[in-house]
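Below is upload-v8.tsv, holding TSV, C-alpha atoms.
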```tsv
chain	number	residue	atom	x	y	z
A	268	MET	CA	0.00	0.00	0.00
A	269	ASP	CA	2.89	2.33	0.80
A	270	ASP	CA	4.35	1.57	-2.62
A	271	GLY	CA	1.06	2.59	-4.17
A	272	HIS	CA	1.06	5.87	-2.27
A	273	THR	CA	4.67	6.46	-3.33
A	274	VAL	CA	3.83	5.89	-7.01
A	275	THR	CA	0.77	8.16	-6.77
A	276	ALA	CA	2.76	10.94	-5.11
A	277	ALA	CA	5.53	10.64	-7.69
A	278	THR	CA	3.02	10.75	-10.52
A	279	ALA	CA	1.38	13.84	-9.04
A	280	ARG	CA	4.76	15.58	-8.66
A	281	TYR	CA	5.66	14.70	-12.24
A	282	ALA	CA	2.36	16.08	-13.56
A	283	GLN	CA	2.68	19.23	-11.42
A	284	LYS	CA	6.21	19.93	-12.66
A	285	LYS	CA	5.15	19.27	-16.24
A	286	GLU	CA	2.31	21.80	-15.94
A	287	ALA	CA	4.71	24.34	-14.42
A	288	ILE	CA	7.09	23.87	-17.36
A	289	LEU	CA	4.24	24.24	-19.87
A	290	ALA	CA	3.02	27.42	-18.16
A	291	ALA	CA	6.51	28.92	-18.14
A	292	ALA	CA	7.18	27.86	-21.72
A	293	THR	CA	3.89	29.35	-22.89
A	294	ALA	CA	4.81	32.72	-21.36
A	295	VAL	CA	8.22	32.62	-23.07
A	296	LEU	CA	6.65	31.43	-26.32
A	297	ASN	CA	4.12	34.28	-26.36
A	298	ARG	CA	6.86	36.82	-25.72
A	299	GLN	CA	9.64	35.47	-27.93
A	300	GLY	CA	7.95	33.21	-30.47
A	301	VAL	CA	8.87	29.64	-31.36
A	302	LYS	CA	12.12	30.73	-32.98
A	303	GLY	CA	13.15	32.91	-30.04
A	304	MET	CA	12.22	30.47	-27.26
A	305	THR	CA	15.03	28.42	-25.72
A	306	LEU	CA	14.95	25.56	-23.24
A	307	ALA	CA	17.37	27.55	-21.08
A	308	ASP	CA	14.91	30.47	-20.87
A	309	VAL	CA	12.12	28.11	-19.83
A	310	ALA	CA	14.31	26.33	-17.28
A	311	ALA	CA	15.34	29.63	-15.70
A	312	LYS	CA	11.70	30.69	-15.38
A	313	VAL	CA	10.83	27.61	-13.30
A	314	GLY	CA	14.11	27.48	-11.37
A	315	LEU	CA	15.52	24.40	-13.11
A	316	ILE	CA	18.59	23.60	-15.14
A	317	THR	CA	18.16	22.95	-18.85
A	318	THR	CA	18.77	19.20	-18.56
A	319	SER	CA	15.87	18.97	-16.11
A	320	VAL	CA	13.53	20.39	-18.77
A	321	THR	CA	14.85	17.93	-21.37
A	322	TYR	CA	13.76	15.11	-19.04
A	323	TYR	CA	10.18	16.17	-19.90
A	324	TYR	CA	10.68	17.56	-23.42
A	325	ARG	CA	13.72	16.47	-25.39
A	326	LYS	CA	13.68	19.30	-27.95
A	327	LYS	CA	12.43	22.87	-28.06
A	328	ASP	CA	9.89	22.05	-30.76
A	329	ASP	CA	8.53	19.19	-28.62
A	330	LEU	CA	7.91	21.69	-25.84
A	331	ALA	CA	6.43	24.33	-28.15
A	332	ALA	CA	4.05	21.78	-29.69
A	333	ALA	CA	3.01	20.65	-26.20
A	334	CYS	CA	2.21	24.27	-25.29
A	335	PHE	CA	-0.06	24.57	-28.31
A	336	ILE	CA	-1.77	21.24	-27.65
A	337	ARG	CA	-2.34	22.13	-23.98
A	338	GLY	CA	-3.81	25.47	-25.04
A	339	LEU	CA	-6.07	23.79	-27.58
A	340	GLU	CA	-7.29	21.34	-24.93
A	341	ARG	CA	-8.26	24.24	-22.66
A	342	LEU	CA	-9.90	26.06	-25.56
A	343	ASP	CA	-11.78	22.90	-26.53
A	344	ALA	CA	-13.20	22.64	-23.01
A	345	MET	CA	-14.60	26.18	-23.34
A	346	ILE	CA	-16.10	25.38	-26.73
A	347	ASP	CA	-17.61	22.16	-25.34
A	348	GLU	CA	-19.36	24.13	-22.59
A	349	ALA	CA	-20.47	26.83	-25.02
A	350	ALA	CA	-21.76	24.29	-27.55
A	351	ALA	CA	-24.15	22.91	-24.91
A	352	GLN	CA	-26.15	26.16	-24.98
A	353	PRO	CA	-29.52	25.92	-26.77
A	354	ASP	CA	-28.93	28.57	-29.46
A	355	THR	CA	-26.19	30.45	-31.30
A	356	ALA	CA	-26.50	33.64	-29.27
A	357	GLY	CA	-26.17	31.61	-26.07
A	358	ARG	CA	-23.12	29.79	-27.44
A	359	ILE	CA	-21.43	33.07	-28.35
A	360	ARG	CA	-22.17	34.58	-24.92
A	361	LYS	CA	-20.89	31.52	-23.04
A	362	PHE	CA	-17.73	31.24	-25.15
A	363	LEU	CA	-17.00	34.95	-24.73
A	364	THR	CA	-17.66	34.73	-20.98
A	365	LEU	CA	-15.36	31.75	-20.49
A	366	TYR	CA	-12.55	33.23	-22.57
A	367	LEU	CA	-12.63	36.65	-20.92
A	368	ASP	CA	-12.86	35.05	-17.48
A	369	LEU	CA	-9.67	33.15	-18.29
A	370	SER	CA	-8.05	36.36	-19.57
A	371	ARG	CA	-8.89	38.07	-16.28
A	372	GLN	CA	-7.41	35.17	-14.28
A	373	VAL	CA	-4.24	35.20	-16.39
A	374	ARG	CA	-3.77	38.92	-15.90
A	375	ALA	CA	-4.38	38.54	-12.14
A	376	GLY	CA	-1.73	35.81	-12.00
A	377	GLN	CA	-4.27	33.13	-11.14
A	378	ALA	CA	-4.01	31.03	-14.32
A	379	ALA	CA	-1.49	30.19	-17.02
A	380	PRO	CA	-1.99	31.88	-20.40
A	381	LEU	CA	-2.96	30.14	-23.60
A	382	ALA	CA	-0.29	29.92	-26.28
A	383	SER	CA	-0.57	32.42	-29.13
A	384	PHE	CA	-1.87	30.21	-31.92
A	385	THR	CA	-0.48	32.52	-34.63
A	386	GLU	CA	2.90	30.96	-33.80
A	387	ILE	CA	1.84	27.45	-34.87
A	388	ARG	CA	3.14	28.21	-38.36
A	389	ALA	CA	6.68	28.56	-36.95
A	390	LEU	CA	6.79	24.90	-35.84
A	391	LYS	CA	8.80	22.39	-37.83
A	392	GLU	CA	7.20	19.42	-39.53
A	393	PRO	CA	5.76	16.95	-38.67
A	394	MET	CA	4.69	18.73	-35.47
A	395	ARG	CA	3.24	21.69	-37.34
A	396	ALA	CA	0.86	19.49	-39.31
A	397	SER	CA	-0.23	17.66	-36.16
A	398	VAL	CA	-0.94	20.88	-34.23
A	399	GLN	CA	-2.64	22.48	-37.23
A	400	ALA	CA	-4.91	19.44	-37.51
A	401	ALA	CA	-5.87	19.84	-33.84
A	402	PHE	CA	-6.62	23.52	-34.42
A	403	ALA	CA	-8.72	22.64	-37.48
A	404	ASP	CA	-10.84	20.36	-35.25
A	405	ILE	CA	-11.39	23.31	-32.88
A	406	PHE	CA	-12.35	25.49	-35.84
A	407	ARG	CA	-14.93	22.97	-37.07
A	408	ARG	CA	-16.51	22.87	-33.61
A	409	VAL	CA	-16.86	26.66	-33.55
A	410	ARG	CA	-18.31	26.56	-37.06
A	411	GLY	CA	-20.92	24.26	-35.57
A	412	PHE	CA	-22.18	27.23	-33.53
A	413	PHE	CA	-23.72	28.38	-36.81
A	414	ASP	CA	-25.62	25.19	-37.60
A	415	GLY	CA	-29.41	25.07	-37.73
A	416	GLU	CA	-32.28	26.69	-39.58
A	417	THR	CA	-31.25	30.25	-38.68
A	418	PHE	CA	-28.11	29.85	-40.80
A	419	ALA	CA	-29.41	27.48	-43.47
A	420	HIS	CA	-28.93	30.24	-46.07
A	421	LEU	CA	-25.16	30.37	-45.46
A	422	ASP	CA	-22.80	28.34	-47.61
A	423	LYS	CA	-19.66	26.71	-46.21
A	424	ALA	CA	-17.41	29.69	-46.99
A	425	GLU	CA	-19.80	32.05	-45.16
A	426	ARG	CA	-19.97	29.79	-42.11
A	427	ASN	CA	-16.19	29.40	-42.16
A	428	ALA	CA	-15.79	33.17	-42.28
A	429	ARG	CA	-18.06	33.64	-39.25
A	430	ALA	CA	-16.23	30.98	-37.27
A	431	HIS	CA	-12.89	32.62	-38.15
A	432	LEU	CA	-14.29	36.02	-37.18
A	433	LEU	CA	-15.55	34.80	-33.79
A	434	LEU	CA	-12.33	32.97	-32.91
A	435	GLU	CA	-10.12	35.87	-33.92
A	436	GLN	CA	-12.26	38.34	-31.96
A	437	VAL	CA	-11.55	36.46	-28.73
A	438	PHE	CA	-7.90	35.81	-29.58
A	439	TRP	CA	-7.23	39.47	-30.37
A	440	THR	CA	-8.65	40.68	-27.06
A	441	GLY	CA	-5.14	40.03	-25.75
A	442	ALA	CA	-3.94	42.94	-27.89
A	443	TRP	CA	-6.28	45.53	-26.39
A	444	LEU	CA	-7.96	44.32	-23.18
A	445	ARG	CA	-5.00	45.46	-21.07
A	446	ARG	CA	-6.16	49.02	-21.73
A	447	PHE	CA	-9.06	48.24	-19.37
A	448	ASP	CA	-9.04	47.57	-15.63
A	449	LEU	CA	-9.91	44.08	-14.47
A	450	ASP	CA	-13.09	45.49	-12.95
A	451	ASP	CA	-14.19	46.51	-16.47
A	452	TYR	CA	-13.98	43.05	-18.02
A	453	GLU	CA	-17.61	42.15	-17.39
A	454	ARG	CA	-18.78	45.39	-18.97
A	455	VAL	CA	-16.44	44.86	-21.95
A	456	ARG	CA	-17.81	41.34	-22.39
A	457	GLU	CA	-21.36	42.65	-22.54
A	458	ARG	CA	-20.36	45.33	-25.06
A	459	MET	CA	-18.56	42.76	-27.21
A	460	TYR	CA	-21.49	40.35	-27.07
A	461	ASP	CA	-23.90	43.13	-28.05
A	462	ILE	CA	-21.78	43.98	-31.11
A	463	LEU	CA	-21.11	40.37	-32.14
A	464	VAL	CA	-24.80	39.49	-32.07
A	465	GLY	CA	-26.37	42.78	-33.17
A	466	GLY	CA	-23.63	44.58	-35.11
A	467	ILE	CA	-23.40	48.36	-35.06
A	468	ALA	CA	-25.80	49.35	-37.86
A	469	ALA	CA	-28.98	51.13	-36.83
A	470	ALA	CA	-32.27	49.45	-37.73
A	471	GLY	CA	-33.08	49.71	-41.40
A	472	ARG	CA	-29.52	50.26	-42.59
A	473	ASP	CA	-28.23	48.07	-45.44
A	474	TRP	CA	-24.80	46.78	-46.38
A	475	THR	CA	-24.04	48.98	-49.39
A	476	PRO	CA	-20.61	50.50	-48.69
A	477	PRO	CA	-19.47	52.91	-51.43
A	478	ALA	CA	-16.14	52.23	-53.14
A	479	LEU	CA	-13.16	54.32	-52.00
A	480	PRO	CA	-9.97	55.31	-53.86
A	481	ASP	CA	-6.99	52.96	-53.61
A	482	PRO	CA	-5.39	53.76	-50.22
A	483	THR	CA	-1.87	52.68	-51.25
A	484	PRO	CA	0.55	55.48	-50.27
A	485	VAL	CA	1.97	57.40	-53.23
A	486	ALA	CA	5.70	56.77	-53.54
A	487	ASP	CA	8.20	59.58	-53.93
A	488	GLU	CA	9.66	60.01	-57.39
A	489	GLY	CA	12.05	57.17	-58.19
A	490	GLN	CA	10.94	55.20	-55.12
A	491	ASP	CA	8.30	52.93	-56.70
A	492	TRP	CA	10.43	49.91	-55.86
A	493	ARG	CA	9.87	50.49	-52.14
A	494	GLU	CA	6.19	49.49	-52.41
A	495	THR	CA	7.13	46.15	-53.99
A	496	PHE	CA	9.83	45.74	-51.34
A	497	LEU	CA	7.49	46.38	-48.41
A	498	VAL	CA	4.63	44.25	-49.77
A	499	ALA	CA	6.93	41.24	-50.20
A	500	ALA	CA	8.44	41.71	-46.74
A	501	THR	CA	5.00	42.08	-45.13
A	502	ARG	CA	3.75	38.88	-46.74
A	503	LEU	CA	6.76	36.89	-45.57
A	504	ILE	CA	6.61	38.23	-42.00
A	505	ASN	CA	2.85	37.55	-41.79
A	506	GLN	CA	3.42	34.03	-43.08
A	507	ARG	CA	6.39	33.05	-40.91
A	508	GLY	CA	6.23	35.46	-37.99
A	509	TYR	CA	8.80	38.08	-37.07
A	510	ARG	CA	11.41	35.64	-35.79
A	511	GLY	CA	10.67	33.04	-38.44
A	512	ALA	CA	11.45	35.44	-41.30
A	513	SER	CA	15.23	35.85	-41.35
A	514	VAL	CA	17.14	38.55	-43.22
A	515	GLU	CA	18.25	35.82	-45.63
A	516	ASP	CA	14.62	34.78	-46.24
A	517	ILE	CA	13.49	38.37	-46.75
A	518	SER	CA	16.39	39.11	-49.09
A	519	ALA	CA	15.61	35.98	-51.13
A	520	ALA	CA	11.91	36.89	-51.34
A	521	LEU	CA	12.86	40.36	-52.54
A	522	ASN	CA	15.47	38.97	-54.93
A	523	VAL	CA	18.20	41.15	-53.42
A	524	THR	CA	21.48	40.36	-51.68
A	525	LYS	CA	21.93	40.72	-47.92
A	526	GLY	CA	24.27	43.60	-48.68
A	527	SER	CA	21.55	45.35	-50.66
A	528	PHE	CA	19.08	44.74	-47.82
A	529	TYR	CA	21.38	46.38	-45.28
A	530	HIS	CA	22.01	49.24	-47.69
A	531	HIS	CA	18.33	50.17	-47.42
A	532	HIS	CA	17.67	49.12	-43.79
A	533	GLU	CA	19.90	49.13	-40.71
A	534	ASP	CA	18.39	45.83	-39.54
A	535	LYS	CA	15.22	43.77	-39.61
A	536	ASP	CA	13.63	45.93	-36.91
A	537	ALA	CA	13.93	48.96	-39.20
A	538	LEU	CA	12.19	47.04	-42.00
A	539	VAL	CA	9.35	45.92	-39.70
A	540	VAL	CA	8.88	49.50	-38.53
A	541	GLU	CA	8.60	50.65	-42.15
A	542	CYS	CA	6.06	47.88	-42.84
A	543	PHE	CA	4.03	49.03	-39.85
A	544	GLN	CA	4.23	52.66	-40.96
A	545	ARG	CA	2.93	51.64	-44.37
A	546	THR	CA	0.08	49.72	-42.68
A	547	PHE	CA	-0.84	52.80	-40.64
A	548	ALA	CA	-0.68	55.00	-43.75
A	549	VAL	CA	-3.01	52.69	-45.73
A	550	THR	CA	-5.47	52.55	-42.82
A	551	ARG	CA	-5.38	56.33	-42.37
A	552	ARG	CA	-5.91	57.02	-46.09
A	553	ALA	CA	-8.94	54.69	-46.21
A	554	GLN	CA	-10.41	56.27	-43.08
A	555	LEU	CA	-9.89	59.84	-44.32
A	556	SER	CA	-11.38	58.97	-47.71
A	557	ALA	CA	-14.44	57.55	-45.94
A	558	LEU	CA	-14.74	60.61	-43.72
A	559	SER	CA	-14.67	62.88	-46.76
A	560	LEU	CA	-17.84	61.25	-48.16
A	561	PRO	CA	-20.97	63.42	-48.03
A	562	ALA	CA	-22.69	60.72	-45.96
A	563	ASP	CA	-23.53	59.60	-42.42
A	564	GLY	CA	-21.35	57.79	-39.89
A	565	TRP	CA	-22.57	54.30	-40.83
A	566	THR	CA	-21.65	54.85	-44.47
A	567	ALA	CA	-18.19	56.10	-43.47
A	568	VAL	CA	-17.47	53.17	-41.13
A	569	SER	CA	-18.75	50.53	-43.55
A	570	ALA	CA	-16.87	52.10	-46.49
A	571	ALA	CA	-13.55	52.22	-44.59
A	572	THR	CA	-13.80	48.68	-43.24
A	573	ALA	CA	-14.91	47.24	-46.57
A	574	ALA	CA	-12.03	48.98	-48.38
A	575	LEU	CA	-9.46	47.71	-45.87
A	576	VAL	CA	-10.73	44.11	-45.88
A	577	GLU	CA	-10.63	44.12	-49.68
A	578	TYR	CA	-7.13	45.61	-49.54
A	579	GLN	CA	-5.92	42.62	-47.52
A	580	LEU	CA	-6.66	40.38	-50.53
A	581	SER	CA	-5.42	42.82	-53.18
A	582	ASP	CA	-2.13	42.83	-55.09
A	583	HIS	CA	-0.86	45.41	-52.58
A	584	GLY	CA	-1.97	43.44	-49.52
A	585	PRO	CA	-1.90	42.24	-46.90
A	586	LEU	CA	-1.20	44.72	-44.13
A	587	LEU	CA	1.25	43.74	-41.41
A	588	ARG	CA	-0.41	41.82	-38.60
A	589	ALA	CA	-0.24	43.43	-35.16
A	590	SER	CA	1.21	40.22	-33.68
A	591	SER	CA	4.59	41.22	-35.15
A	592	MET	CA	4.82	43.98	-32.54
A	593	GLY	CA	5.47	41.52	-29.73
A	594	ALA	CA	8.99	40.69	-30.91
A	595	LEU	CA	10.15	44.30	-31.36
A	596	PRO	CA	12.33	46.10	-28.79
A	597	ILE	CA	10.15	47.67	-26.12
A	598	GLU	CA	10.68	51.30	-27.15
A	599	ILE	CA	9.82	50.57	-30.80
A	600	ARG	CA	6.88	48.41	-29.72
A	601	HIS	CA	5.35	51.29	-27.80
A	602	GLU	CA	5.65	53.57	-30.83
A	603	MET	CA	3.95	51.01	-33.09
A	604	SER	CA	1.25	50.42	-30.48
A	605	ASP	CA	0.55	54.14	-30.53
A	606	GLY	CA	0.11	53.90	-34.31
A	607	TYR	CA	-2.58	51.25	-33.90
A	608	ALA	CA	-4.22	53.30	-31.15
A	609	ARG	CA	-4.53	56.29	-33.49
A	610	GLY	CA	-6.33	54.10	-36.05
A	611	SER	CA	-8.65	52.76	-33.34
A	612	ASN	CA	-9.38	56.27	-32.10
A	613	ARG	CA	-10.34	57.37	-35.61
A	614	PHE	CA	-12.72	54.40	-35.98
A	615	ALA	CA	-14.17	55.21	-32.56
A	616	GLY	CA	-14.77	58.80	-33.67
A	617	MET	CA	-16.51	57.63	-36.84
A	618	ILE	CA	-18.75	55.33	-34.80
A	619	ALA	CA	-19.54	58.14	-32.34
A	620	ASP	CA	-20.51	60.35	-35.29
A	621	GLY	CA	-22.84	57.61	-36.51
A	622	ILE	CA	-24.46	57.26	-33.09
A	623	ALA	CA	-25.00	61.03	-33.03
A	624	ASP	CA	-26.63	61.09	-36.48
A	625	GLY	CA	-28.71	57.96	-35.79
A	626	SER	CA	-27.13	55.72	-38.44
A	627	VAL	CA	-25.23	53.58	-35.88
A	628	ARG	CA	-26.73	51.80	-32.87
A	629	PRO	CA	-25.74	53.11	-29.41
A	630	VAL	CA	-22.76	50.78	-28.93
A	631	ASP	CA	-19.49	51.34	-27.08
A	632	PRO	CA	-17.40	53.21	-29.71
A	633	LEU	CA	-14.02	52.26	-28.25
A	634	VAL	CA	-14.81	48.55	-27.90
A	635	ALA	CA	-16.34	48.53	-31.39
A	636	ALA	CA	-13.21	50.20	-32.80
A	637	HIS	CA	-10.95	47.58	-31.21
A	638	MET	CA	-13.17	44.85	-32.66
A	639	ILE	CA	-12.94	46.40	-36.12
A	640	ASN	CA	-9.15	46.44	-35.84
A	641	SER	CA	-9.22	42.79	-34.74
A	642	MET	CA	-11.36	41.90	-37.76
A	643	LEU	CA	-9.03	43.75	-40.12
A	644	ASN	CA	-6.01	41.90	-38.72
A	645	ALA	CA	-7.81	38.57	-39.07
A	646	ALA	CA	-8.76	39.36	-42.67
A	647	ALA	CA	-5.11	38.83	-43.64
A	648	SER	CA	-5.63	35.07	-43.15
A	649	LEU	CA	-9.22	34.85	-44.40
A	650	GLN	CA	-8.28	32.83	-47.48
A	651	ALA	CA	-6.81	30.09	-45.29
A	652	TRP	CA	-10.29	29.40	-43.86
A	653	ALA	CA	-12.43	30.38	-46.83
A	654	PRO	CA	-10.39	29.15	-49.82
A	655	GLY	CA	-11.26	30.76	-53.11
A	656	VAL	CA	-12.79	33.89	-51.60
A	657	THR	CA	-12.18	36.82	-53.93
A	658	ARG	CA	-11.29	40.37	-53.09
A	659	GLU	CA	-14.74	41.45	-54.27
A	660	ASP	CA	-16.46	39.03	-51.86
A	661	ALA	CA	-14.16	39.54	-48.88
A	662	ALA	CA	-15.94	42.53	-47.31
A	663	ARG	CA	-19.38	40.92	-47.62
A	664	LEU	CA	-18.04	37.67	-46.19
A	665	PHE	CA	-16.04	39.13	-43.30
A	666	ALA	CA	-16.69	42.82	-42.56
A	667	ARG	CA	-20.46	42.61	-42.98
A	668	PRO	CA	-21.02	39.93	-40.27
A	669	LEU	CA	-19.22	42.08	-37.70
A	670	LEU	CA	-20.85	45.39	-38.60
A	671	MET	CA	-24.33	43.92	-39.20
A	672	GLY	CA	-24.05	41.17	-36.55
A	673	LEU	CA	-23.29	37.46	-36.69
A	674	MET	CA	-27.01	36.72	-36.51
A	675	ALA	CA	-27.87	38.90	-39.54
A	676	ARG	CA	-29.11	37.22	-42.69
```
Before anything else, please render the file you have as structure tokens.
Amino acid sequence: MDDGHTVTAATARYAQKKEAILAAATAVLNRQGVKGMTLADVAAKVGLITTSVTYYYRKKDDLAAACFIRGLERLDAMIDEAAAQPDTAGRIRKFLTLYLDLSRQVRAGQAAPLASFTEIRALKEPMRASVQAAFADIFRRVRGFFDGETFAHLDKAERNARAHLLLEQVFWTGAWLRRFDLDDYERVRERMYDILVGGIAAAGRDWTPPALPDPTPVADEGQDWRETFLVAATRLINQRGYRGASVEDISAALNVTKGSFYHHHEDKDALVVECFQRTFAVTRRAQLSALSLPADGWTAVSAATAALVEYQLSDHGPLLRASSMGALPIEIRHEMSDGYARGSNRFAGMIADGIADGSVRPVDPLVAAHMINSMLNAAASLQAWAPGVTREDAARLFARPLLMGLMAR
């Protein structure tokens, strides 16, 4: 009997230490990415030596994959509880409640964070395929939220787009929720739920956003090559992550030598900053074009969001995803974060104008603006979940469900 107790105690200690390693590794992974994470960093965070970590996970990629799988298991438990609700609105509310409750616990130091799933692409094969398959199962379960007669008119691409939109809305809360106090989380959840289910359009408004001029920044004379340069770099960084896209990879994608790369940029950080500045310029140009329309707030908001979603799938797209900020030096990161905040503030102002003129429902303008930014970031990967979607269909498929509501026909 004593032997049994000894085995049970040893098993419990093993499981406890393994969870501590996974929690520490997830924090390092979210901060430094798969490429930047080291076993030594993880070991130091839990007060171990590196060889002690290798007793549990032989290689860094083994540990990174385990972080993703553990996160997906926790996410799956939330989806399982949400899926038990009797209707789609109830499923959305429960999922949002569970996710934001976890976010509050993580921020209060009471729970381990989930791994940032955008980093899955940085894993090596065959682990990447295995983790991606697990994520695809999660995605299909969320798509099941939109089963039933209410959504019988939607085709598979439309249901995929709504599942992608819902998942990315909760994932991207990590990028902006820290601007709110923990005491505000319940209120934020209610504001998010209200927008996800009911959109922001006032009753009687239709989805007929007017076309806007191309928001691509005009290059200085003799500098046309820079647009091609920045588009190619943005695509590679979005695809592989900041740390996964090396200077050699970027140079090869741009068909230039490393020497030529460094002639134009001091380092990769300088290139990422320029990609972000271009992203901010495109967003600003679309917003200002929309604001110049002789129309109401709803028309301005819908025109700007439609133009930017379409831009993500254009020859000049996509825009750089905000997740690339996390790997930048802290002082540069703050500057880029301010750039995103200015775009959010402009969207919030447009929404407030719409509320004032009666074309937009009385929603929380700041929360709605953050959700629009989250949707625009997620649009960069829309084609991965809705293959074959065209630029012309992108706004209807992805921007419309957020602005008109996930329950809208």
* Nearest to Ala636 (chain A) among A:Ala276, A:Ile504, A:Val576, A:Met459, with distances taken over all atoms listed in the file: which residue is it? ->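 That would be A:Met459, the residue with the smallest distance to Ala636 (chain A).
Straight-line separation from CA of Val455 (chain A) to CA of Phe413 (chain A): 23.4 Å.
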* Asked: Which polymer residues have any atom within 12 Å of an atom of Thr657 (chain A), counting all atoms listed in the file, with same-chain residues fewer than 2 positions away left out, as a list in words?
  ->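 Returned residues: Ala424, Val576, Glu577, Tyr578, Gln579, Leu580, Ser581, Asp582, Leu649, Gln650, Ala653, Pro654, Gly655, Glu659, Asp660, Ala661, Ala662, Arg663, Leu664 and Phe665 of chain A.
CA of Leu503 (chain A) sits 16.6 Å away from CA of Lys391 (chain A).
Residue nearest Thr318 (chain A), chosen from A:Val656, A:Leu306, A:Leu670, A:Leu339 and counting all atoms listed in the file: A:Leu306.
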* Asked: Nearest to Gly471 (chain A) among A:Thr305, A:Tyr323, A:Leu434, A:Trp565, with distances taken over all atoms listed in the file: which residue is it?
  ->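 Nearest candidate to Gly471 (chain A) out of A:Thr305, A:Tyr323, A:Leu434, A:Trp565: A:Trp565.
Atom to atom, CA of Ala478 (chain A) and CA of Arg658 (chain A) stand 12.8 Å apart.
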* Nearby residues (only C-alpha atoms) at most 7 Å from Ala615 (chain A), same-chain spacing under 4 positions excluded, as a ChimeraX atom specification -> /A:611,619,632-633,636
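Counting only C-alpha atoms, the residue from A:Arg360, A:Arg510, A:Lys285, A:Arg551 that sits nearest to Thr321 (chain A) is A:Lys285.
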* Residue neighbourhood Ile346 (chain A), 12 Å, all atoms listed in the file, exclusion window fewer than 3 positions, as a ChimeraX atom specification -> /A:339-343,349-352,357-366,404-412,430,433-434
Expected file contents, prior selection, C-alpha atoms, as a PDB file, in the frame of the given file:
```pdb
ATOM      1  CA  LEU A 339      -6.070  23.790 -27.580  1.00  0.00           C
ATOM      2  CA  GLU A 340      -7.290  21.340 -24.930  1.00  0.00           C
ATOM      3  CA  ARG A 341      -8.260  24.240 -22.660  1.00  0.00           C
ATOM      4  CA  LEU A 342      -9.900  26.060 -25.560  1.00  0.00           C
ATOM      5  CA  ASP A 343     -11.780  22.900 -26.530  1.00  0.00           C
ATOM      6  CA  ALA A 349     -20.470  26.830 -25.020  1.00  0.00           C
ATOM      7  CA  ALA A 350     -21.760  24.290 -27.550  1.00  0.00           C
ATOM      8  CA  ALA A 351     -24.150  22.910 -24.910  1.00  0.00           C
ATOM      9  CA  GLN A 352     -26.150  26.160 -24.980  1.00  0.00           C
ATOM     10  CA  GLY A 357     -26.170  31.610 -26.070  1.00  0.00           C
ATOM     11  CA  ARG A 358     -23.120  29.790 -27.440  1.00  0.00           C
ATOM     12  CA  ILE A 359     -21.430  33.070 -28.350  1.00  0.00           C
ATOM     13  CA  ARG A 360     -22.170  34.580 -24.920  1.00  0.00           C
ATOM     14  CA  LYS A 361     -20.890  31.520 -23.040  1.00  0.00           C
ATOM     15  CA  PHE A 362     -17.730  31.240 -25.150  1.00  0.00           C
ATOM     16  CA  LEU A 363     -17.000  34.950 -24.730  1.00  0.00           C
ATOM     17  CA  THR A 364     -17.660  34.730 -20.980  1.00  0.00           C
ATOM     18  CA  LEU A 365     -15.360  31.750 -20.490  1.00  0.00           C
ATOM     19  CA  TYR A 366     -12.550  33.230 -22.570  1.00  0.00           C
ATOM     20  CA  ASP A 404     -10.840  20.360 -35.250  1.00  0.00           C
ATOM     21  CA  ILE A 405     -11.390  23.310 -32.880  1.00  0.00           C
ATOM     22  CA  PHE A 406     -12.350  25.490 -35.840  1.00  0.00           C
ATOM     23  CA  ARG A 407     -14.930  22.970 -37.070  1.00  0.00           C
ATOM     24  CA  ARG A 408     -16.510  22.870 -33.610  1.00  0.00           C
ATOM     25  CA  VAL A 409     -16.860  26.660 -33.550  1.00  0.00           C
ATOM     26  CA  ARG A 410     -18.310  26.560 -37.060  1.00  0.00           C
ATOM     27  CA  GLY A 411     -20.920  24.260 -35.570  1.00  0.00           C
ATOM     28  CA  PHE A 412     -22.180  27.230 -33.530  1.00  0.00           C
ATOM     29  CA  ALA A 430     -16.230  30.980 -37.270  1.00  0.00           C
ATOM     30  CA  LEU A 433     -15.550  34.800 -33.790  1.00  0.00           C
ATOM     31  CA  LEU A 434     -12.330  32.970 -32.910  1.00  0.00           C
TER      32      LEU A 434
END
```
Can you complete the atoms of region 307-313 of chain A to N, CA and C atoms and list them as a PDB file, keeping the file's coordinate frame?
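Written output follows (selection36.pdb):
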```pdb
ATOM      1  N   ALA A 307      16.695  26.891 -22.197  1.00  0.00           N
ATOM      2  CA  ALA A 307      17.370  27.550 -21.080  1.00  0.00           C
ATOM      3  C   ALA A 307      16.491  28.647 -20.481  1.00  0.00           C
ATOM      4  N   ASP A 308      15.817  29.413 -21.355  1.00  0.00           N
ATOM      5  CA  ASP A 308      14.910  30.470 -20.870  1.00  0.00           C
ATOM      6  C   ASP A 308      13.782  29.860 -20.031  1.00  0.00           C
ATOM      7  N   VAL A 309      13.235  28.762 -20.535  1.00  0.00           N
ATOM      8  CA  VAL A 309      12.120  28.110 -19.830  1.00  0.00           C
ATOM      9  C   VAL A 309      12.602  27.550 -18.498  1.00  0.00           C
ATOM     10  N   ALA A 310      13.763  26.907 -18.510  1.00  0.00           N
ATOM     11  CA  ALA A 310      14.310  26.330 -17.280  1.00  0.00           C
ATOM     12  C   ALA A 310      14.531  27.408 -16.225  1.00  0.00           C
ATOM     13  N   ALA A 311      15.081  28.541 -16.642  1.00  0.00           N
ATOM     14  CA  ALA A 311      15.340  29.630 -15.700  1.00  0.00           C
ATOM     15  C   ALA A 311      14.050  30.151 -15.085  1.00  0.00           C
ATOM     16  N   LYS A 312      12.980  30.147 -15.864  1.00  0.00           N
ATOM     17  CA  LYS A 312      11.700  30.690 -15.380  1.00  0.00           C
ATOM     18  C   LYS A 312      11.063  29.813 -14.302  1.00  0.00           C
ATOM     19  N   VAL A 313      11.384  28.518 -14.323  1.00  0.00           N
ATOM     20  CA  VAL A 313      10.830  27.610 -13.300  1.00  0.00           C
ATOM     21  C   VAL A 313      11.891  27.155 -12.298  1.00  0.00           C
TER      22      VAL A 313
END
```
